[in-house]
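*Asks:* Next comes the structure file data-v6.txt, holding compact mmCIF, C-alpha atoms.
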# COMPACT_ATOMS: atom_id res chain seq x y z
CA MET A 219 -148.34 -46.75 -10.30
CA ASP A 220 -145.81 -46.50 -13.08
CA ASP A 221 -142.48 -45.07 -11.88
CA SER A 222 -142.69 -42.15 -14.30
CA ILE A 223 -146.11 -41.15 -12.93
CA VAL A 224 -144.79 -41.31 -9.37
CA ARG A 225 -141.86 -39.05 -10.31
CA ASP A 226 -144.27 -36.55 -11.90
CA ILE A 227 -146.69 -36.30 -8.98
CA THR A 228 -144.15 -36.46 -6.12
CA PRO A 229 -143.17 -32.73 -6.19
CA ARG A 230 -146.84 -31.72 -6.07
CA LEU A 231 -147.58 -34.13 -3.22
CA ILE A 232 -144.70 -33.27 -0.89
CA GLY A 233 -144.88 -29.50 -1.49
CA ASP A 234 -142.20 -27.67 0.55
CA ARG A 235 -140.97 -30.81 2.30
CA PRO A 236 -137.40 -31.81 1.36
CA ASN A 237 -138.11 -35.47 0.57
CA THR A 238 -140.65 -38.28 0.68
CA TYR A 239 -139.19 -39.55 3.97
CA THR A 240 -140.31 -36.51 5.99
CA TYR A 241 -143.59 -36.39 4.04
CA THR A 242 -144.57 -39.98 4.84
CA LYS A 243 -143.56 -39.50 8.50
CA ALA A 244 -146.03 -36.61 8.69
CA LEU A 245 -148.71 -38.70 6.92
CA ALA A 246 -148.22 -41.50 9.46
CA GLU A 247 -148.64 -39.10 12.40
CA CYS A 248 -151.86 -37.72 10.87
CA VAL A 249 -153.27 -41.22 10.36
CA VAL A 250 -152.41 -42.26 13.93
CA GLN A 251 -154.00 -39.14 15.44
CA GLN A 252 -157.13 -39.34 13.26
CA GLU A 253 -157.75 -43.08 13.64
CA SER A 254 -156.59 -43.65 17.22
CA GLY A 255 -160.08 -43.32 18.69
CA LYS A 256 -159.87 -44.00 22.43
CA LEU A 257 -156.35 -45.39 22.29
CA ASN A 258 -153.61 -43.71 24.30
CA ILE A 259 -150.93 -42.50 21.93
CA GLY A 260 -147.35 -41.27 22.28
CA ILE A 261 -145.33 -40.03 19.28
CA ILE A 262 -141.52 -39.98 19.32
CA ARG A 263 -139.79 -37.73 16.77
CA PRO A 264 -136.04 -38.41 16.58
CA SER A 265 -133.82 -36.04 14.62
CA ILE A 266 -130.80 -37.46 12.71
CA VAL A 267 -130.24 -40.89 14.24
CA GLY A 268 -126.60 -41.87 14.67
CA ALA A 269 -124.47 -44.57 16.30
CA SER A 270 -125.07 -45.68 19.88
CA TRP A 271 -123.83 -43.65 22.82
CA GLN A 272 -123.65 -46.39 25.50
CA GLU A 273 -125.67 -49.48 24.54
CA PRO A 274 -125.01 -52.17 23.46
CA PHE A 275 -121.56 -50.51 23.46
CA PRO A 276 -120.24 -47.08 22.42
CA GLY A 277 -120.15 -46.45 18.67
CA TRP A 278 -122.27 -49.43 17.61
CA ILE A 279 -123.77 -48.98 14.13
CA ASP A 280 -124.72 -51.53 11.46
CA ASN A 281 -125.58 -49.53 8.32
CA PHE A 282 -124.55 -46.71 5.99
CA ASN A 283 -127.69 -44.62 6.60
CA GLY A 284 -127.68 -40.97 7.64
CA PRO A 285 -124.29 -39.50 8.52
CA SER A 286 -122.60 -42.93 8.78
CA GLY A 287 -122.02 -43.24 5.02
CA VAL A 288 -120.76 -39.65 4.88
CA PHE A 289 -118.30 -40.31 7.73
CA ILE A 290 -116.99 -43.43 5.98
CA ALA A 291 -116.62 -41.56 2.67
CA ALA A 292 -114.63 -38.85 4.48
CA GLY A 293 -112.46 -41.45 6.22
CA LYS A 294 -111.74 -43.20 2.92
CA GLY A 295 -110.63 -39.86 1.43
CA ILE A 296 -113.42 -40.00 -1.15
CA LEU A 297 -115.45 -37.11 0.26
CA ARG A 298 -113.47 -33.85 -0.05
CA THR A 299 -116.20 -31.22 0.08
CA MET A 300 -119.72 -30.92 1.42
CA ARG A 301 -122.22 -28.09 1.40
CA ALA A 302 -123.22 -27.26 4.95
CA SER A 303 -123.14 -24.39 7.41
CA ASN A 304 -120.29 -24.63 9.92
CA ASP A 305 -122.41 -22.79 12.48
CA ALA A 306 -125.60 -24.81 11.95
CA VAL A 307 -126.54 -27.23 14.73
CA ALA A 308 -125.94 -30.85 13.76
CA ASP A 309 -128.93 -32.35 15.54
CA LEU A 310 -127.63 -35.92 15.83
CA ILE A 311 -129.28 -38.25 18.32
CA PRO A 312 -127.72 -41.57 19.40
CA VAL A 313 -129.85 -44.59 18.54
CA ASP A 314 -129.87 -45.94 22.12
CA VAL A 315 -131.24 -42.59 23.37
CA VAL A 316 -134.15 -42.96 20.93
CA ILE A 317 -134.81 -46.52 22.13
CA ASN A 318 -134.67 -45.56 25.83
CA LEU A 319 -137.02 -42.63 25.30
CA THR A 320 -139.42 -44.85 23.32
CA LEU A 321 -139.53 -47.43 26.13
CA ALA A 322 -140.06 -44.75 28.78
CA ALA A 323 -142.76 -43.04 26.70
CA GLY A 324 -144.51 -46.38 26.22
CA TRP A 325 -144.55 -46.90 29.99
CA TYR A 326 -145.83 -43.40 30.70
CA THR A 327 -148.55 -43.63 28.02
CA ALA A 328 -149.79 -47.00 29.32
CA VAL A 329 -149.76 -46.09 33.02
CA HIS A 330 -150.85 -42.42 33.02
CA ARG A 331 -153.08 -42.55 29.91
CA PRO A 332 -152.81 -38.92 28.76
CA LYS A 333 -156.01 -37.66 27.09
CA THR A 334 -154.19 -36.21 24.07
CA ALA A 335 -151.31 -37.67 22.09
CA LEU A 336 -148.01 -36.45 23.53
CA VAL A 337 -145.24 -35.69 21.04
CA TYR A 338 -141.67 -36.21 22.27
CA ASN A 339 -139.05 -34.38 20.22
CA CYS A 340 -136.03 -36.64 20.67
CA THR A 341 -133.31 -34.11 19.80
CA THR A 342 -130.06 -32.64 21.12
CA GLY A 343 -129.88 -29.22 19.45
CA GLY A 344 -131.78 -27.24 22.08
CA ILE A 345 -130.27 -29.08 25.06
CA ASN A 346 -126.66 -29.92 24.16
CA PRO A 347 -125.90 -28.32 20.77
CA PHE A 348 -123.02 -29.38 18.52
CA HIS A 349 -122.26 -27.83 15.12
CA TRP A 350 -121.35 -29.22 11.71
CA GLY A 351 -118.01 -27.41 11.73
CA GLU A 352 -117.11 -29.14 15.00
CA ILE A 353 -118.17 -32.51 13.59
CA GLU A 354 -115.92 -31.99 10.56
CA HIS A 355 -112.95 -31.30 12.84
CA HIS A 356 -113.47 -34.35 15.08
CA VAL A 357 -114.26 -36.75 12.20
CA MET A 358 -111.06 -35.77 10.35
CA SER A 359 -109.00 -35.91 13.55
CA THR A 360 -110.30 -39.38 14.44
CA PHE A 361 -109.73 -40.90 11.00
CA LYS A 362 -106.18 -39.51 10.84
CA ARG A 363 -105.40 -41.24 14.13
CA ASN A 364 -107.42 -44.37 13.32
CA PRO A 365 -107.40 -44.58 9.50
CA LEU A 366 -109.65 -46.84 7.45
CA GLU A 367 -108.01 -49.57 5.40
CA GLN A 368 -107.10 -48.99 1.75
CA ALA A 369 -108.11 -45.32 1.72
CA PHE A 370 -108.51 -43.75 -1.73
CA ARG A 371 -106.87 -40.51 -0.57
CA ARG A 372 -105.78 -38.98 2.73
CA PRO A 373 -108.81 -37.80 4.79
CA ASN A 374 -109.29 -34.08 4.19
CA ALA A 375 -112.95 -33.09 3.84
CA ASN A 376 -114.05 -29.48 4.10
CA ILE A 377 -117.42 -27.86 4.72
CA THR A 378 -118.57 -24.78 2.84
CA SER A 379 -121.92 -23.00 2.67
CA ASN A 380 -121.12 -21.42 -0.71
CA TYR A 381 -122.75 -23.26 -3.63
CA LEU A 382 -120.22 -22.17 -6.29
CA ILE A 383 -117.19 -23.01 -4.13
CA ASN A 384 -118.70 -26.41 -3.36
CA GLN A 385 -119.34 -27.10 -7.07
CA TYR A 386 -115.76 -26.09 -7.90
CA TRP A 387 -114.31 -28.53 -5.37
CA ILE A 388 -116.69 -31.28 -6.52
CA LEU A 389 -115.26 -30.84 -10.02
CA VAL A 390 -111.60 -30.60 -8.92
CA SER A 391 -111.54 -33.01 -5.96
CA HIS A 392 -114.29 -35.49 -6.85
CA LYS A 393 -115.01 -35.81 -10.56
CA PHE A 394 -111.54 -35.13 -11.97
CA PRO A 395 -109.72 -37.73 -9.75
CA ALA A 396 -112.56 -40.20 -10.39
CA LEU A 397 -112.18 -39.86 -14.17
CA ILE A 398 -108.39 -40.32 -13.95
CA TYR A 399 -108.74 -43.39 -11.72
CA ASP A 400 -111.42 -44.93 -13.96
CA LEU A 401 -109.17 -44.33 -16.97
CA PHE A 402 -106.38 -46.16 -15.16
CA LEU A 403 -108.76 -49.06 -14.39
CA ARG A 404 -109.82 -49.26 -18.04
CA LEU A 405 -106.22 -49.29 -19.25
CA SER A 406 -105.39 -52.07 -16.79
CA GLY A 407 -108.33 -54.16 -18.00
CA GLN A 408 -110.54 -53.59 -14.95
CA LYS A 409 -114.09 -52.29 -14.67
CA PRO A 410 -114.33 -48.54 -13.90
CA GLN A 411 -116.13 -47.81 -10.64
CA MET A 412 -115.05 -44.51 -9.06
CA MET A 413 -117.42 -42.28 -11.04
CA ARG A 414 -120.33 -44.51 -10.06
CA ILE A 415 -119.26 -44.34 -6.40
CA PHE A 416 -119.04 -40.54 -6.52
CA ASN A 417 -122.49 -40.28 -8.12
CA ARG A 418 -123.96 -42.33 -5.28
CA LEU A 419 -122.08 -40.19 -2.75
CA HIS A 420 -123.39 -36.95 -4.25
CA LYS A 421 -126.93 -38.32 -4.09
CA ALA A 422 -126.51 -39.21 -0.40
CA ILE A 423 -125.00 -35.81 0.42
CA GLY A 424 -127.81 -34.10 -1.48
CA LEU A 425 -130.35 -35.73 0.85
CA LEU A 426 -128.44 -34.54 3.91
CA GLU A 427 -127.76 -31.03 2.55
CA TYR A 428 -131.19 -29.66 3.47
CA PHE A 429 -130.58 -30.55 7.12
CA SER A 430 -126.89 -29.58 7.29
CA SER A 431 -127.39 -26.10 5.82
CA GLN A 432 -129.89 -24.85 8.41
CA ASP A 433 -131.04 -25.60 11.94
CA TRP A 434 -134.26 -25.64 13.93
CA GLU A 435 -135.40 -25.14 17.52
CA TRP A 436 -137.35 -28.05 18.99
CA ASN A 437 -139.48 -27.97 22.13
CA SER A 438 -138.22 -30.51 24.69
CA ASP A 439 -140.82 -29.93 27.44
CA ASN A 440 -142.43 -33.39 27.08
CA MET A 441 -139.00 -35.03 27.09
CA ASN A 442 -138.10 -33.19 30.33
CA MET A 443 -141.49 -34.01 31.86
CA LEU A 444 -141.00 -37.70 31.11
CA MET A 445 -137.55 -37.66 32.69
CA SER A 446 -139.00 -36.14 35.87
CA GLN A 447 -141.52 -39.02 36.09
CA LEU A 448 -138.80 -41.70 36.19
CA SER A 449 -137.24 -43.04 39.36
CA THR A 450 -133.51 -42.57 39.93
CA GLU A 451 -132.87 -46.20 39.00
CA ASP A 452 -134.97 -45.99 35.82
CA ARG A 453 -133.17 -42.81 34.75
CA LYS A 454 -129.93 -44.80 34.76
CA THR A 455 -131.41 -47.89 33.08
CA PHE A 456 -133.34 -45.94 30.42
CA ASN A 457 -130.99 -42.99 30.11
CA PHE A 458 -132.03 -40.37 27.54
CA ASP A 459 -130.52 -37.33 29.26
CA VAL A 460 -128.44 -35.91 26.38
CA ARG A 461 -127.02 -33.21 28.65
CA GLN A 462 -124.51 -35.88 29.74
CA LEU A 463 -123.38 -36.54 26.16
CA ASN A 464 -119.71 -35.70 25.53
CA TRP A 465 -119.69 -34.84 21.83
CA PRO A 466 -115.95 -35.22 20.97
CA GLU A 467 -115.89 -38.64 22.66
CA TYR A 468 -119.15 -39.65 20.95
CA ILE A 469 -117.93 -38.64 17.47
CA GLU A 470 -114.66 -40.53 17.98
CA ASN A 471 -116.56 -43.67 19.06
CA TYR A 472 -118.94 -43.19 16.11
CA CYS A 473 -116.08 -43.09 13.58
CA ILE A 474 -114.35 -46.09 15.14
CA GLY A 475 -117.74 -47.86 15.17
CA THR A 476 -118.10 -47.45 11.41
CA LYS A 477 -114.64 -49.00 11.03
CA LYS A 478 -115.31 -51.96 13.34
CA TYR A 479 -119.00 -52.77 12.83
CA VAL A 480 -119.91 -51.50 9.34
CA LEU A 481 -116.66 -52.14 7.45
CA ASN A 482 -115.62 -55.06 9.72
CA GLU A 483 -112.04 -53.82 9.93
CA ASP A 484 -109.66 -55.07 12.61
CA MET A 485 -108.21 -52.41 14.93
CA SER A 486 -104.92 -54.34 14.99
CA ASP A 487 -104.42 -53.39 11.32
CA ILE A 488 -104.23 -49.65 12.11
CA PRO A 489 -100.39 -49.50 11.74
CA ALA A 490 -100.69 -50.84 8.18
CA ALA A 491 -103.47 -48.33 7.45
CA ARG A 492 -101.25 -45.50 8.72
CA GLN A 493 -98.44 -46.73 6.47
CA HIS A 494 -100.86 -46.61 3.55
CA LEU A 495 -101.70 -42.98 4.37
CA ARG A 496 -97.99 -42.12 4.40
CA LYS A 497 -97.69 -43.75 0.99
CA LEU A 498 -100.59 -41.63 -0.30
CA ARG A 499 -98.91 -38.52 1.13
CA ASN A 500 -95.68 -39.31 -0.75
CA ILE A 501 -97.62 -39.88 -3.97
CA ARG A 502 -99.30 -36.49 -3.52
CA TYR A 503 -95.98 -34.72 -2.92
CA THR A 504 -94.49 -36.38 -6.01
CA PHE A 505 -97.51 -35.41 -8.13
CA ASN A 506 -97.36 -31.79 -6.94
CA THR A 507 -93.63 -31.63 -7.75
CA VAL A 508 -94.14 -33.01 -11.25
CA LEU A 509 -97.03 -30.58 -11.79
CA LEU A 510 -94.86 -27.65 -10.67
CA VAL A 511 -92.07 -28.66 -13.06
CA PHE A 512 -94.61 -29.02 -15.88
CA ILE A 513 -96.03 -25.55 -15.22
CA TRP A 514 -92.48 -24.18 -15.14
CA ARG A 515 -91.65 -25.72 -18.50
CA VAL A 516 -94.89 -24.73 -20.21
CA PHE A 517 -95.46 -21.23 -18.89
CA ILE A 518 -92.38 -19.76 -17.20
CA ALA A 519 -89.52 -21.12 -19.31
CA ARG A 520 -91.24 -20.03 -22.56
CA SER A 521 -92.39 -16.56 -21.55
CA GLN A 522 -90.14 -13.59 -20.80
CA MET A 523 -92.89 -11.84 -18.83
CA ALA A 524 -93.51 -14.95 -16.72
CA ARG A 525 -89.78 -15.26 -16.07
CA ASN A 526 -89.62 -11.61 -14.99
CA ILE A 527 -92.51 -12.11 -12.58
CA TRP A 528 -90.91 -15.29 -11.24
CA TYR A 529 -87.53 -13.58 -10.68
CA PHE A 530 -89.28 -10.65 -8.99
CA VAL A 531 -91.09 -12.98 -6.55
CA VAL A 532 -87.89 -14.93 -5.83
CA SER A 533 -85.89 -11.73 -5.21
CA LEU A 534 -88.65 -10.42 -2.95
CA CYS A 535 -88.56 -13.65 -0.91
CA PHE A 536 -84.75 -13.43 -0.75
CA LYS A 537 -84.90 -9.83 0.53
CA PHE A 538 -87.48 -10.82 3.12
CA LEU A 539 -85.27 -13.69 4.37
CA SER A 540 -82.25 -11.40 4.47
CA TYR A 541 -84.20 -8.82 6.46
CA PHE A 542 -85.48 -11.51 8.84
CA ARG A 543 -81.94 -12.83 9.46
CA ALA A 544 -80.60 -9.30 10.04
CA SER A 545 -83.42 -8.56 12.48
CA SER A 546 -82.73 -11.80 14.37
CA THR A 547 -79.01 -10.93 14.64
CA LEU A 548 -79.75 -7.41 15.97
CA THR A 549 -82.21 -8.82 18.51
CA GLN A 550 -79.60 -11.29 19.81
Render the structure in this file as structure tokens.
*Replies:*
Amino acid sequence: MDDSIVRDITPRLIGDRPNTYTYTKALAECVVQQESGKLNIGIIRPSIVGASWQEPFPGWIDNFNGPSGVFIAAGKGILRTMRASNDAVADLIPVDVVINLTLAAGWYTAVHRPKTALVYNCTTGGINPFHWGEIEHHVMSTFKRNPLEQAFRRPNANITSNYLINQYWILVSHKFPALIYDLFLRLSGQKPQMMRIFNRLHKAIGLLEYFSSQDWEWNSDNMNMLMSQLSTEDRKTFNFDVRQLNWPEYIENYCIGTKKYVLNEDMSDIPAARQHLRKLRNIRYTFNTVLLVFIWRVFIARSQMARNIWYFVVSLCFKFLSYFRASSTLTQ
């Protein structure tokens, strides 16, 4: 079909589903169940697939899909705001857990031949929940200790569930800096790129927003049943027991994995990356100082009312400091 026709019919086809990805997943399940005949079928439904937990090694990831691209954008200082609920469950599932469950489900389906198709919800939210607000904290903490090379700004992303607040910060912290940087690139004879990068970022975040602003409860009975059917040795070899998952450690390994395996950055260059962050901090302090002086010259120095307000605030601060010092002396 012509692309324009596809765009026109897509909303009517997918209905209330958030995107074509979830719609085609559901179509595939229907086709499998309708056409399977006498075949024995097992269906594995992973939630948001992330970096590996244990195999082939902690934090392994090889693409920008899902939360990986968002983590990298936050680590680079590009992502400053994201619409999500701090209290919503971030139902991430490590990729090796999905693979182990798939292998175990394949064995069980072939050996025990269940009469109906068993659906395995490969999720963490109902077993070992972790929230988007907690992810924000650990991602920022990890990238400040192990910064990415040539960051655009210091990592400082914030989550908000308010649409207007999010749009305000997109304008102030995303689009405005991007326009200034692209103007600088144009003046220096280079091709502007930041606005294009931010547009791609907003598109990626928009796809994730539906899942980061709400949460769901998934039944894990079939997953628990399958675990009970495995021997002790097989439980270790094909481990999909997410109750053992340590989330802060996993998120730290995930972030470091994006640095090592997606961006191919050397961990030995971390001191230079930290020096770059200090340089960005000094630039920010200098910019804020210049901005304060500019505001002083434009508004305060030219307005008697503004000067009166300024002197009132300064005198109030002075009185507070004087009171604090006197209180400290009396206490001693």
*Asks:* Taking into account only C-alpha atoms, which residue in the set A:Val329, A:Ile296, A:Ala322, A:Val316 is nearest to A:Pro395?
*Replies:*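 That would be A:Ile296, the residue with the smallest distance to A:Pro395.
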*Asks:* Neighbouring residues of A:Tyr472 were defined as those with any atom within 9 Å, considering all atoms listed in the file; residues of the same chain fewer than 3 positions away were excluded. Please report them as a short mmCIF file (atom, residue, chain, number, x, y, z; two decimals) with C-alpha atoms, in the frame of the given file.
*Replies:*
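The resulting selection-v3.cif:
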data_model
loop_
_atom_site.label_atom_id
_atom_site.label_comp_id
_atom_site.auth_asym_id
_atom_site.auth_seq_id
_atom_site.Cartn_x
_atom_site.Cartn_y
_atom_site.Cartn_z
CA GLY A 268 -126.60 -41.87 14.67
CA ALA A 269 -124.47 -44.57 16.30
CA SER A 270 -125.07 -45.68 19.88
CA TRP A 271 -123.83 -43.65 22.82
CA PRO A 276 -120.24 -47.08 22.42
CA GLY A 277 -120.15 -46.45 18.67
CA TRP A 278 -122.27 -49.43 17.61
CA ILE A 279 -123.77 -48.98 14.13
CA SER A 286 -122.60 -42.93 8.78
CA PHE A 289 -118.30 -40.31 7.73
CA VAL A 357 -114.26 -36.75 12.20
CA GLU A 467 -115.89 -38.64 22.66
CA TYR A 468 -119.15 -39.65 20.95
CA ILE A 469 -117.93 -38.64 17.47
CA GLY A 475 -117.74 -47.86 15.17
CA THR A 476 -118.10 -47.45 11.41
CA LYS A 477 -114.64 -49.00 11.03
#
*Asks:* What is the atom CA of A:Trp465-atom CA of A:Arg298 distance in Å, reported with one decimal?
*Replies:*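 For atom CA of A:Trp465 relative to atom CA of A:Arg298, the distance reads 22.8 Å.
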*Asks:* So how far away is atom CA of A:Pro373 from atom CA of A:Phe361, in Å?
*Replies:*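 Atom CA of A:Pro373 lies 7.0 Å from atom CA of A:Phe361.
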*Asks:* Please determine, counting only C-alpha atoms, which residue among A:Arg404, A:Arg235, A:Arg372, A:Lys243 has the shortest atom-to-atom distance to A:Gln493.
*Replies:* A:Arg372
*Asks:* Within 12 Å of (-136.6, -31.6, 4.5) (coordinates as in the file), grab all the protein and nucleic acid residues, counting all atoms listed in the file, and write them out as a JSON list (two decimals) with C-alpha atoms, in the frame of the given file.
*Replies:*
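Produced file point22.json, reproduced below:
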[["chain", "number", "residue", "atom", "x", "y", "z"],
["A", 232, "ILE", "CA", -144.70, -33.27, -0.89],
["A", 233, "GLY", "CA", -144.88, -29.50, -1.49],
["A", 234, "ASP", "CA", -142.20, -27.67, 0.55],
["A", 235, "ARG", "CA", -140.97, -30.81, 2.30],
["A", 236, "PRO", "CA", -137.40, -31.81, 1.36],
["A", 237, "ASN", "CA", -138.11, -35.47, 0.57],
["A", 238, "THR", "CA", -140.65, -38.28, 0.68],
["A", 239, "TYR", "CA", -139.19, -39.55, 3.97],
["A", 240, "THR", "CA", -140.31, -36.51, 5.99],
["A", 241, "TYR", "CA", -143.59, -36.39, 4.04],
["A", 242, "THR", "CA", -144.57, -39.98, 4.84],
["A", 243, "LYS", "CA", -143.56, -39.50, 8.50],
["A", 244, "ALA", "CA", -146.03, -36.61, 8.69],
["A", 265, "SER", "CA", -133.82, -36.04, 14.62],
["A", 266, "ILE", "CA", -130.80, -37.46, 12.71],
["A", 424, "GLY", "CA", -127.81, -34.10, -1.48],
["A", 425, "LEU", "CA", -130.35, -35.73, 0.85],
["A", 426, "LEU", "CA", -128.44, -34.54, 3.91],
["A", 427, "GLU", "CA", -127.76, -31.03, 2.55],
["A", 428, "TYR", "CA", -131.19, -29.66, 3.47],
["A", 429, "PHE", "CA", -130.58, -30.55, 7.12],
["A", 430, "SER", "CA", -126.89, -29.58, 7.29],
["A", 431, "SER", "CA", -127.39, -26.10, 5.82],
["A", 432, "GLN", "CA", -129.89, -24.85, 8.41],
["A", 433, "ASP", "CA", -131.04, -25.60, 11.94],
["A", 434, "TRP", "CA", -134.26, -25.64, 13.93]]
*Asks:* State, in Å with one decimal place, the distance from atom CA of A:Trp350 to atom CA of A:Leu444.
*Replies:*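 Between atom CA of A:Trp350 and atom CA of A:Leu444 the gap is 28.9 Å.
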*Asks:* Considering all atoms listed in the file, state which residue in the set A:Ser379, A:Gln411, A:Ser359, A:Thr341 is at the smallest distance from A:Val460.
*Replies:*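 Among A:Ser379, A:Gln411, A:Ser359, A:Thr341, it is A:Thr341 that comes nearest to A:Val460.
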*Asks:* Give me, as a list in words, all polymer residues having an atom no more than 12 Å from A:Asn482, counting all atoms listed in the file and skipping those fewer than 2 positions away in the same chain.
*Replies:* Trp278, Ile279, Asp280, Asn281, Leu366, Glu367, Ile474, Gly475, Thr476, Lys477, Lys478, Tyr479, Val480, Asp484, Met485, Ser486 and Asp487 of chain A
*Asks:* If I put a ball of radius 12 Å at (-131.0, -46.3, 26.8) in the file's coordinates, which residues poke into it when counting only C-alpha atoms, written as a PyMOL selection string?
*Replies:* chain A and resi 270-276+311-322+452-460
